[in-house]
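Data file: data-v9.cif. Format and content: mmCIF, C-alpha atoms.
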data_protein
#
loop_
_atom_site.label_atom_id
_atom_site.label_comp_id
_atom_site.auth_asym_id
_atom_site.auth_seq_id
_atom_site.Cartn_x
_atom_site.Cartn_y
_atom_site.Cartn_z
CA MET R 124 122.69 125.72 161.84
CA SER R 125 125.88 127.63 161.17
CA HIS R 126 128.20 126.32 163.84
CA GLU R 127 131.55 125.03 162.54
CA TRP R 128 132.69 122.17 164.72
CA ASP R 129 136.36 122.26 165.67
CA PHE R 130 137.61 119.75 168.20
CA SER R 131 141.32 120.42 167.46
CA PHE R 132 141.92 122.36 170.70
CA LEU R 133 140.98 119.25 172.64
CA ILE R 134 144.01 117.48 171.15
CA THR R 135 146.23 120.34 172.28
CA TYR R 136 144.79 119.96 175.77
CA SER R 137 144.59 116.16 175.79
CA GLY R 138 147.05 116.00 178.70
CA VAL R 139 144.85 118.31 180.77
CA LEU R 140 141.75 116.28 179.90
CA ALA R 141 143.45 112.98 180.77
CA LYS R 142 144.41 114.44 184.14
CA ALA R 143 140.81 115.63 184.65
CA LEU R 144 139.46 112.16 183.86
CA GLY R 145 141.98 110.79 186.37
CA SER R 146 140.66 113.22 189.01
CA THR R 147 137.07 112.18 188.27
CA LEU R 148 137.93 108.48 188.59
CA LYS R 149 140.01 109.04 191.74
CA LEU R 150 137.12 110.82 193.45
CA ALA R 151 134.63 108.20 192.23
CA ILE R 152 136.73 105.28 193.49
CA VAL R 153 137.33 106.85 196.91
CA CYS R 154 133.60 107.69 197.28
CA LEU R 155 132.59 104.19 196.21
CA ALA R 156 134.98 102.50 198.65
CA ALA R 157 134.09 104.79 201.55
CA GLY R 158 130.39 104.71 200.65
CA MET R 159 130.31 100.90 200.62
CA LEU R 160 132.18 100.79 203.94
CA LEU R 161 129.70 103.22 205.50
CA GLY R 162 126.91 101.20 203.88
CA CYS R 163 128.15 97.97 205.52
CA VAL R 164 128.47 99.58 208.96
CA PHE R 165 125.07 101.26 208.89
CA ALA R 166 123.32 98.27 207.27
CA VAL R 167 124.52 96.14 210.19
CA ALA R 168 123.26 98.87 212.54
CA ARG R 169 119.88 99.00 210.77
CA THR R 170 119.39 95.23 210.96
CA SER R 171 120.71 94.96 214.53
CA ARG R 172 118.65 93.79 217.51
CA SER R 173 119.39 96.95 219.48
CA SER R 174 116.76 99.61 218.88
CA ALA R 175 119.31 102.38 219.59
CA LEU R 176 121.58 101.10 216.80
CA ARG R 177 118.60 100.73 214.46
CA PHE R 178 117.71 104.36 215.15
CA VAL R 179 121.28 105.54 214.45
CA GLY R 180 121.25 103.64 211.15
CA ALA R 181 117.86 105.01 210.14
CA ALA R 182 118.82 108.56 211.13
CA TYR R 183 121.98 108.36 209.00
CA VAL R 184 120.08 107.10 205.95
CA GLU R 185 117.26 109.64 206.24
CA LEU R 186 119.61 112.58 206.87
CA PHE R 187 121.82 112.04 203.83
CA ARG R 188 119.25 110.69 201.39
CA ASN R 189 116.95 113.66 201.91
CA LEU R 190 119.43 116.40 201.04
CA PRO R 191 120.51 117.56 197.56
CA ALA R 192 124.17 116.60 197.02
CA ILE R 193 125.12 120.19 196.13
CA VAL R 194 123.78 121.51 199.44
CA LEU R 195 125.67 118.83 201.37
CA LEU R 196 128.82 119.67 199.38
CA PHE R 197 128.63 123.40 200.12
CA TRP R 198 127.91 122.72 203.75
CA CYS R 199 130.98 120.46 204.01
CA PHE R 200 133.04 122.99 202.07
CA TYR R 201 132.53 125.65 204.73
CA THR R 202 132.18 123.45 207.82
CA ILE R 203 135.04 120.93 207.49
CA PRO R 204 137.78 123.60 207.85
CA LEU R 205 135.99 124.92 210.89
CA LEU R 206 135.57 121.54 212.59
CA THR R 207 138.96 120.05 211.75
CA GLY R 208 141.22 123.07 211.27
CA ILE R 209 142.30 121.62 207.90
CA GLY R 210 142.38 124.30 205.21
CA ASN R 211 139.99 124.14 202.25
CA ASP R 212 140.89 120.91 200.48
CA ARG R 213 138.56 120.50 197.51
CA PHE R 214 139.19 116.79 197.09
CA LEU R 215 138.62 116.12 200.79
CA THR R 216 135.41 118.19 200.80
CA ALA R 217 133.96 116.34 197.82
CA ALA R 218 135.13 112.94 199.08
CA VAL R 219 133.53 113.45 202.51
CA ALA R 220 130.25 114.87 201.16
CA PHE R 221 129.72 112.28 198.42
CA SER R 222 130.87 109.32 200.55
CA LEU R 223 128.28 110.23 203.19
CA TYR R 224 125.67 110.68 200.46
CA ALA R 225 126.50 107.42 198.65
CA GLY R 226 126.84 105.60 201.98
CA ALA R 227 123.17 106.25 202.73
CA TYR R 228 122.14 104.63 199.44
CA PHE R 229 124.53 101.69 199.94
CA THR R 230 123.09 101.17 203.44
CA GLU R 231 119.64 100.70 201.95
CA ILE R 232 120.95 98.41 199.18
CA PHE R 233 122.81 96.20 201.67
CA ARG R 234 119.93 96.17 204.13
CA SER R 235 117.33 95.12 201.59
CA GLY R 236 119.78 92.58 200.15
CA ILE R 237 120.22 90.96 203.56
CA ASN R 238 116.50 91.13 204.33
CA ALA R 239 115.65 89.52 200.98
CA VAL R 240 117.40 86.29 202.01
CA ASP R 241 114.80 83.81 203.21
CA ALA R 242 114.49 83.70 207.01
CA GLY R 243 114.61 79.90 206.83
CA GLN R 244 118.28 80.17 205.83
CA TRP R 245 119.11 81.70 209.22
CA LEU R 246 117.14 79.00 211.04
CA ALA R 247 118.68 76.17 209.01
CA GLY R 248 122.18 77.53 209.57
CA ARG R 249 121.57 77.78 213.30
CA ALA R 250 120.18 74.25 213.39
CA LEU R 251 123.35 72.99 211.70
CA GLY R 252 125.43 74.61 214.45
CA PHE R 253 126.96 77.54 212.55
CA THR R 254 128.20 80.41 214.71
CA PRO R 255 126.29 83.63 213.90
CA PHE R 256 129.31 85.17 212.16
CA ALA R 257 130.12 82.09 210.06
CA LEU R 258 126.42 81.76 209.21
CA PHE R 259 126.34 85.37 208.00
CA ARG R 260 129.60 85.10 206.06
CA ASP R 261 129.14 81.67 204.43
CA ILE R 262 125.38 81.41 203.93
CA ILE R 263 123.57 84.75 204.09
CA LEU R 264 126.14 87.06 202.48
CA PRO R 265 126.75 85.06 199.26
CA GLN R 266 122.99 84.97 198.57
CA ALA R 267 122.53 88.61 199.53
CA VAL R 268 125.40 89.75 197.26
CA LYS R 269 123.81 87.99 194.30
CA ASN R 270 120.53 89.84 194.89
CA MET R 271 122.28 93.16 195.37
CA MET R 272 124.49 93.13 192.28
CA PRO R 273 122.16 95.11 189.94
CA ALA R 274 121.56 97.76 192.61
CA ILE R 275 125.29 98.03 193.32
CA ALA R 276 126.08 98.45 189.61
CA ASN R 277 123.37 101.11 189.36
CA GLU R 278 124.63 103.00 192.39
CA THR R 279 128.19 102.85 191.00
CA ILE R 280 126.93 104.69 187.90
CA GLU R 281 125.16 107.22 190.13
CA VAL R 282 128.36 107.85 192.14
CA VAL R 283 130.42 108.51 189.00
CA LYS R 284 127.73 110.98 187.86
CA LEU R 285 127.68 112.48 191.36
CA THR R 286 131.39 113.37 191.21
CA THR R 287 130.61 115.98 188.52
CA VAL R 288 128.91 118.06 191.22
CA ALA R 289 132.42 118.61 192.68
CA ALA R 290 132.93 121.07 189.79
CA THR R 291 130.90 123.55 191.85
CA VAL R 292 133.69 123.77 194.47
CA ALA R 293 136.33 123.99 191.71
CA TYR R 294 137.67 120.44 192.14
CA PRO R 295 139.49 120.02 188.80
CA GLU R 296 137.54 117.02 187.48
CA LEU R 297 136.15 116.64 183.95
CA VAL R 298 133.30 119.14 184.09
CA TYR R 299 135.30 121.87 185.81
CA THR R 300 138.15 121.36 183.32
CA ALA R 301 135.71 121.51 180.41
CA LYS R 302 134.39 124.80 181.74
CA LEU R 303 137.91 126.23 181.99
CA LEU R 304 138.76 125.08 178.46
CA SER R 305 135.47 126.37 177.11
CA ASP R 306 136.08 129.78 178.68
CA THR R 307 139.69 130.10 177.48
CA GLU R 308 139.12 128.78 173.94
CA TYR R 309 135.58 130.06 173.57
CA ARG R 310 134.44 126.67 172.26
CA PRO R 311 131.53 125.72 174.56
CA VAL R 312 129.88 123.38 172.04
CA GLU R 313 132.97 121.21 171.60
CA ALA R 314 134.06 121.35 175.24
CA TYR R 315 130.71 120.28 176.73
CA THR R 316 129.93 117.79 173.97
CA ALA R 317 133.35 116.21 174.54
CA VAL R 318 132.89 115.92 178.30
CA GLU R 319 129.44 114.36 177.78
CA GLY R 320 131.01 111.88 175.36
CA VAL R 321 133.90 111.01 177.67
CA LEU R 322 131.58 110.43 180.63
CA LEU R 323 129.19 108.31 178.54
CA LEU R 324 132.09 106.19 177.29
CA ALA R 325 133.35 105.77 180.85
CA LEU R 326 129.90 104.69 182.06
CA LEU R 327 129.00 102.47 179.09
CA PRO R 328 130.79 99.33 180.39
CA LEU R 329 128.95 99.74 183.71
CA ALA R 330 125.64 100.19 181.91
CA VAL R 331 126.22 97.01 179.87
CA LEU R 332 127.14 95.15 183.07
CA LEU R 333 123.97 96.43 184.74
CA PHE R 334 121.87 95.30 181.77
CA ARG R 335 123.39 91.79 181.90
CA LEU R 336 122.94 91.53 185.67
CA GLU R 337 119.29 92.53 185.42
CA ARG R 338 118.72 89.97 182.66
CA THR R 339 120.38 87.23 184.71
CA MET R 340 118.27 88.20 187.72
CA ARG R 341 115.06 87.94 185.69
CA ARG R 342 116.07 84.50 184.43
CA THR R 343 117.07 83.02 187.77
CA ASN R 344 114.06 84.33 189.67
CA MET U 91 138.50 127.78 218.54
CA VAL U 92 134.81 127.87 219.27
CA TYR U 93 132.64 129.00 216.39
CA GLU U 94 129.97 131.51 217.23
CA TRP U 95 126.84 130.68 215.29
CA GLN U 96 124.88 133.72 214.19
CA PHE U 97 121.70 133.09 212.28
CA GLY U 98 120.50 136.69 212.60
CA PRO U 99 122.19 137.98 209.42
CA VAL U 100 120.75 135.07 207.41
CA PHE U 101 117.21 135.67 208.59
CA ARG U 102 117.45 139.30 207.48
CA TYR U 103 117.61 137.93 203.93
CA LEU U 104 114.52 135.73 204.18
CA GLY U 105 112.89 137.68 201.34
CA LEU U 106 115.70 136.75 198.95
CA LEU U 107 115.56 133.15 200.14
CA TRP U 108 111.79 133.03 199.52
CA GLU U 109 112.28 134.30 195.96
CA GLY U 110 114.73 131.44 195.56
CA VAL U 111 112.14 128.97 196.85
CA LEU U 112 109.70 130.25 194.21
CA GLY U 113 112.42 129.82 191.57
CA THR U 114 112.99 126.22 192.64
CA LEU U 115 109.24 125.54 192.61
CA ALA U 116 108.88 127.03 189.12
CA LEU U 117 111.71 124.91 187.77
CA THR U 118 110.60 121.69 189.47
CA GLY U 119 106.98 122.22 188.43
CA GLY U 120 107.90 123.11 184.87
CA ALA U 121 110.22 120.12 184.56
CA LEU U 122 107.47 117.86 185.93
CA LEU U 123 104.97 119.17 183.37
CA LEU U 124 107.50 118.40 180.63
CA ALA U 125 108.67 115.06 182.01
CA LEU U 126 105.35 113.35 182.84
CA PRO U 127 103.74 113.38 179.36
CA LEU U 128 107.08 112.84 177.61
CA GLY U 129 107.92 109.99 179.97
CA LEU U 130 104.55 108.32 179.38
CA MET U 131 105.00 108.69 175.63
CA LEU U 132 108.49 107.17 175.79
CA ALA U 133 107.21 104.26 177.87
CA LEU U 134 104.42 103.57 175.36
CA LEU U 135 106.88 103.77 172.46
CA ARG U 136 109.27 101.41 174.25
CA LEU U 137 106.49 98.87 174.82
CA GLY U 138 104.91 99.54 171.44
CA LYS U 139 104.84 97.40 168.33
CA LEU U 140 107.14 99.53 166.16
CA PRO U 141 110.74 98.30 166.62
CA VAL U 142 112.29 101.51 165.25
CA LEU U 143 110.41 103.77 167.65
CA ALA U 144 111.06 101.35 170.52
CA ARG U 145 114.79 101.57 169.78
CA VAL U 146 114.63 105.38 169.70
CA ALA U 147 112.90 105.36 173.08
CA VAL U 148 115.49 102.97 174.56
CA PHE U 149 118.32 105.15 173.23
CA TYR U 150 116.73 108.31 174.65
CA ILE U 151 116.15 106.71 178.06
CA GLU U 152 119.63 105.21 178.35
CA PHE U 153 121.32 108.39 177.09
CA PHE U 154 119.69 110.62 179.67
CA ARG U 155 119.95 108.07 182.47
CA LEU U 156 123.71 107.86 181.96
CA SER U 157 124.21 111.62 181.63
CA ALA U 158 125.28 113.73 184.59
CA ALA U 159 122.75 116.51 185.25
CA ILE U 160 125.46 119.19 185.55
CA VAL U 161 126.86 118.30 182.13
CA LEU U 162 123.36 118.57 180.64
CA LEU U 163 122.81 121.92 182.36
CA TYR U 164 126.08 123.31 181.02
CA TRP U 165 125.41 121.85 177.59
CA PHE U 166 121.92 123.32 177.26
CA TYR U 167 123.04 126.68 178.64
CA PHE U 168 126.40 127.18 176.92
CA ALA U 169 126.48 124.84 173.90
CA PHE U 170 122.87 124.51 172.69
CA PRO U 171 122.30 128.28 172.04
CA VAL U 172 125.58 128.55 170.08
CA LEU U 173 124.74 125.47 168.07
CA PHE U 174 121.31 126.70 167.02
CA ASN U 175 122.09 130.40 167.07
CA ILE U 176 119.45 131.30 169.65
CA THR U 177 119.49 132.86 173.10
CA LEU U 178 118.25 130.83 176.03
CA ALA U 179 117.48 132.14 179.51
CA PRO U 180 118.87 130.10 182.43
CA PHE U 181 115.30 129.03 183.25
CA HIS U 182 114.68 127.53 179.81
CA ALA U 183 118.09 125.85 179.65
CA ALA U 184 117.50 124.35 183.11
CA LEU U 185 113.96 123.33 182.15
CA LEU U 186 115.27 121.43 179.11
CA ALA U 187 118.18 119.79 180.96
CA VAL U 188 116.23 118.76 184.06
CA GLY U 189 112.92 118.04 182.31
CA LEU U 190 114.33 115.95 179.45
CA GLN U 191 116.39 113.90 181.90
CA ALA U 192 113.47 113.41 184.29
CA ALA U 193 111.38 112.17 181.33
CA ALA U 194 113.83 109.26 180.96
CA PHE U 195 113.39 108.30 184.62
CA TYR U 196 109.61 108.70 184.48
CA ALA U 197 109.51 106.58 181.30
CA GLU U 198 111.01 103.67 183.24
CA VAL U 199 108.52 104.17 186.07
CA PHE U 200 105.57 104.13 183.65
CA ARG U 201 106.97 101.10 181.83
CA ALA U 202 107.26 99.17 185.08
CA GLY U 203 103.74 100.28 185.99
CA ILE U 204 102.25 99.14 182.68
CA GLN U 205 104.08 95.81 182.88
CA SER U 206 102.84 95.30 186.45
CA VAL U 207 99.24 95.09 185.24
CA ALA U 208 98.33 91.42 184.87
CA ALA U 209 98.30 90.03 181.31
CA GLY U 210 94.77 88.75 181.93
CA GLN U 211 93.53 92.35 181.84
CA TRP U 212 94.71 92.69 178.22
CA GLU U 213 93.13 89.37 177.29
CA ALA U 214 89.84 90.14 179.03
CA ALA U 215 89.59 93.54 177.31
CA ARG U 216 90.24 91.91 173.97
CA ALA U 217 87.65 89.25 174.64
CA ILE U 218 84.97 91.92 175.14
CA GLY U 219 86.01 93.55 171.86
CA MET U 220 88.13 96.49 172.98
CA ARG U 221 90.85 97.71 170.66
CA ARG U 222 94.47 97.99 171.80
CA ASN U 223 94.46 101.74 172.44
CA GLN U 224 91.04 101.56 174.12
CA THR U 225 92.36 98.85 176.42
CA LEU U 226 95.39 100.98 177.22
CA ARG U 227 93.34 104.10 177.89
CA TRP U 228 90.49 102.60 179.92
CA VAL U 229 91.88 99.42 181.47
CA ILE U 230 95.66 99.36 181.69
CA LEU U 231 96.73 102.96 182.35
CA PRO U 232 94.32 103.66 185.24
CA GLN U 233 95.67 100.61 187.07
CA ALA U 234 99.28 101.27 186.03
CA ILE U 235 99.24 104.87 187.23
CA ARG U 236 97.66 103.92 190.54
CA ASN U 237 100.35 101.29 191.06
CA THR U 238 103.13 103.74 190.23
CA LEU U 239 101.92 106.70 192.31
CA PRO U 240 104.35 106.05 195.19
CA ILE U 241 107.29 105.73 192.78
CA LEU U 242 106.20 108.85 190.89
CA LEU U 243 106.35 110.69 194.19
CA ALA U 244 109.75 109.19 195.03
CA ARG U 245 110.99 110.37 191.64
CA LEU U 246 109.74 113.86 192.45
CA VAL U 247 112.27 113.83 195.29
CA ASP U 248 115.06 113.10 192.79
CA LEU U 249 113.71 115.83 190.53
CA ILE U 250 113.87 118.39 193.34
CA LYS U 251 117.42 117.30 194.15
CA THR U 252 118.43 117.65 190.50
CA SER U 253 116.75 121.08 190.18
CA ALA U 254 119.02 122.27 193.00
CA LEU U 255 121.91 121.96 190.53
CA ALA U 256 120.48 124.68 188.25
CA ALA U 257 122.30 127.23 190.41
CA VAL U 258 125.47 126.35 188.44
CA ILE U 259 124.10 128.19 185.39
CA ALA U 260 123.05 131.13 187.59
CA TYR U 261 119.35 130.23 187.57
CA PRO U 262 118.00 132.08 190.63
CA ASP U 263 116.75 129.08 192.57
CA VAL U 264 116.99 128.64 196.33
CA VAL U 265 120.59 127.36 196.20
CA TYR U 266 121.64 130.36 194.13
CA ALA U 267 119.87 132.66 196.60
CA ALA U 268 121.78 130.95 199.43
CA MET U 269 125.07 131.50 197.60
CA ARG U 270 124.29 135.21 197.33
CA ILE U 271 123.23 135.46 200.97
CA ALA U 272 126.38 133.61 202.05
CA SER U 273 128.63 136.04 200.22
CA GLN U 274 126.72 139.11 201.42
CA THR U 275 126.53 138.13 205.09
CA TYR U 276 129.89 136.30 205.33
CA ARG U 277 127.86 133.62 207.10
CA PRO U 278 128.08 130.63 204.69
CA ILE U 279 127.83 127.99 207.41
CA GLU U 280 124.60 129.36 208.86
CA THR U 281 123.18 130.03 205.40
CA PHE U 282 123.77 126.51 204.14
CA THR U 283 122.57 125.05 207.43
CA VAL U 284 119.26 126.89 207.00
CA LEU U 285 119.11 125.76 203.36
CA GLY U 286 119.89 122.15 204.33
CA VAL U 287 117.23 122.07 207.04
CA GLY U 288 114.67 123.53 204.63
CA PHE U 289 115.43 120.97 201.93
CA PHE U 290 115.44 118.16 204.48
CA VAL U 291 112.00 119.04 205.81
CA VAL U 292 110.44 119.17 202.33
CA ILE U 293 112.18 116.10 200.90
CA PHE U 294 111.75 114.01 204.04
CA GLY U 295 108.05 114.89 204.06
CA LEU U 296 107.68 113.79 200.44
CA SER U 297 109.60 110.56 201.06
CA GLN U 298 107.32 109.74 203.99
CA ALA U 299 104.25 110.53 201.88
CA SER U 300 105.58 108.22 199.18
CA ARG U 301 106.02 105.40 201.70
CA HIS U 302 102.56 105.98 203.12
CA LEU U 303 101.08 105.91 199.62
CA GLU U 304 102.96 102.69 198.89
CA ARG U 305 101.23 101.00 201.81
CA SER U 306 97.76 102.20 200.81
CA VAL U 307 98.28 101.15 197.19
CA ALA U 308 99.45 97.73 198.38
CA ILE U 309 96.32 97.40 200.55
CA ALA U 310 94.02 98.44 197.69
CA ARG U 311 95.51 95.68 195.56
#
Representation of the structure as structure tokens:
Amino acid sequence: MSHEWDFSFLITYSGVLAKALGSTLKLAIVCLAAGMLLGCVFAVARTSRSSALRFVGAAYVELFRNLPAIVLLFWCFYTIPLLTGIGNDRFLTAAVAFSLYAGAYFTEIFRSGINAVDAGQWLAGRALGFTPFALFRDIILPQAVKNMMPAIANETIEVVKLTTVAATVAYPELVYTAKLLSDTEYRPVEAYTAVEGVLLLALLPLAVLLFRLERTMRRTN
Amino acid sequence: MVYEWQFGPVFRYLGLLWEGVLGTLALTGGALLLALPLGLMLALLRLGKLPVLARVAVFYIEFFRLSAAIVLLYWFYFAFPVLFNITLAPFHAALLAVGLQAAAFYAEVFRAGIQSVAAGQWEAARAIGMRRNQTLRWVILPQAIRNTLPILLARLVDLIKTSALAAVIAYPDVVYAAMRIASQTYRPIETFTVLGVGFFVVIFGLSQASRHLERSVAIAR
């Protein structure tokens, strides 16, 4: 093993890397927010009494869960400008593709969280005279959220990892920036090891949170 | 502006697309052959009696679960060969990146499967004089693997989706073939639509098979 490690160029480019990390986090936060919103809407549709709405919810989940993210991203990359007339915006492309993708997973998390709440809770709430909305908000949702927390933490990690795929449409996040730096400095070992390290450090708090949530779940159940 | 869809040019390149399909199959199959035994070994180490090896297994699993597949692909293709002074074809780099990561996911599936077998099975085997590894081989694993078959299949879906990323290191899989066809025909929208439909049919079929299997396993129990 003759490679001489030299991370010094990363210090020279620390501003560029910080900006790249910012771009990664920006995309991740937007996709998480939009994905959870889509998840709420389609989870309500999937648990609704109307069979048409249930079908729409199921179709959404199946369509976006059964496609590789990179294929969805490329498809959006070429199709969004055509449908909307907006020029190629790399952030927009990635945000739309990954929000739709994450939304399908959040739909399933929210749906199973709501379904896991004992049916007797609905009946008891109705018997006490709660309106359906108040019953959902004050009784069902708090219990469902507790059940869903590990899955939400896990999906959050997956979404942050997912944003790295945006490098393939040249969105200047961490991986794309690492590739540029590696190509200009000819230091692939340091560039890719550094980006792996930065991403692991960014995800570590989430992983610890997930571990704690799972432990709490095992204890309370 | 009304877009005129033209699938004709894409279908003239079906031969290239088919070669890509074979590339994807080779990578997915190879990664599966690497990941299944390695995953089982990691699960056994994690549940085993040697704390040091259990720690190593936990570290391996968490490391690869938190790593983004694209970063691993770039690392094994651009950094790993420099570090060890070897040359690595895109196929082998992709095989390592995708296979080693999949092993971490399969390890967790096997662990859950082994833990799902009732403790009484261990005790009964011991009572009739079976040793620990005999019990594992003849009593626990057959039941564990049957219980985990649906999840193993569901994980195959994730593996296929991850393999699709190998195009970023120019491994000639089906996504890479689509990229070439898109640039040769100037028909990226049609090309990626065909690719998306193809992936959807395969992955949706596997997801349905996994669900079907889940029901039959549940009945058999």
Would you mind listing what lies within 10 Å of Phe334 in chain R as a ChimeraX atom specification, with only C-alpha atoms counted and same-chain residues fewer than 6 positions away left out? /R:273,276-277,328,340
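Nearest residue to Ala293 in chain R among R:Ser173, R:Leu190, R:Phe200, R:Leu133 is R:Phe200, counting only C-alpha atoms.
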Residues of chain U near chain R: apply a cut-off of 6 Å, count all atoms listed in the file, and supply the list as a list in words. Ala158, Trp165, Phe168, Ala169, Leu173, Phe174, Lys251, Ile279, Phe282, Phe290, Ile293 and Phe294 of chain U
Give me the residues within 7 Å of range 155-162 of chain R as a VMD selection string, counting only C-alpha atoms and dropping any in the same chain fewer than 3 places off. chain R and resid 151 to 152 165 to 166 222 to 223 225 to 227 229 to 230 233 279 282
Might you pull out every residue within 9 Å of Gln266 in chain R, with all atoms listed in the file counted and same-chain residues fewer than 6 positions away left off, and present them as a PDB file with C-alpha atoms, keeping the file's coordinate frame?
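Okay, this is what ended up in around_31.pdb:
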ATOM      1  CA  GLY R 236     119.780  92.580 200.150  1.00  0.00           C
ATOM      2  CA  ILE R 237     120.220  90.960 203.560  1.00  0.00           C
ATOM      3  CA  ALA R 239     115.650  89.520 200.980  1.00  0.00           C
ATOM      4  CA  VAL R 240     117.400  86.290 202.010  1.00  0.00           C
TER       5      VAL R 240
END
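Our summary of the geometry notes that CA of Val188 in chain U is positioned 19.4 Å from CA of Ile176 in chain U.
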10 Å contact set for range 122-124 of chain U, only C-alpha atoms, chain neighbours under 3 positions out, as a PDB file with C-alpha atoms, in the frame of the given file:
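Full text of selection.pdb as output:
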ATOM      1  CA  ALA U 116     108.880 127.030 189.120  1.00  0.00           C
ATOM      2  CA  LEU U 117     111.710 124.910 187.770  1.00  0.00           C
ATOM      3  CA  THR U 118     110.600 121.690 189.470  1.00  0.00           C
ATOM      4  CA  GLY U 119     106.980 122.220 188.430  1.00  0.00           C
ATOM      5  CA  PRO U 127     103.740 113.380 179.360  1.00  0.00           C
ATOM      6  CA  LEU U 128     107.080 112.840 177.610  1.00  0.00           C
ATOM      7  CA  GLY U 129     107.920 109.990 179.970  1.00  0.00           C
ATOM      8  CA  LEU U 185     113.960 123.330 182.150  1.00  0.00           C
ATOM      9  CA  LEU U 186     115.270 121.430 179.110  1.00  0.00           C
ATOM     10  CA  VAL U 188     116.230 118.760 184.060  1.00  0.00           C
ATOM     11  CA  GLY U 189     112.920 118.040 182.310  1.00  0.00           C
ATOM     12  CA  LEU U 190     114.330 115.950 179.450  1.00  0.00           C
ATOM     13  CA  ALA U 192     113.470 113.410 184.290  1.00  0.00           C
ATOM     14  CA  ALA U 193     111.380 112.170 181.330  1.00  0.00           C
ATOM     15  CA  TYR U 196     109.610 108.700 184.480  1.00  0.00           C
ATOM     16  CA  LEU U 246     109.740 113.860 192.450  1.00  0.00           C
ATOM     17  CA  LEU U 249     113.710 115.830 190.530  1.00  0.00           C
ATOM     18  CA  ILE U 250     113.870 118.390 193.340  1.00  0.00           C
TER      19      ILE U 250
END
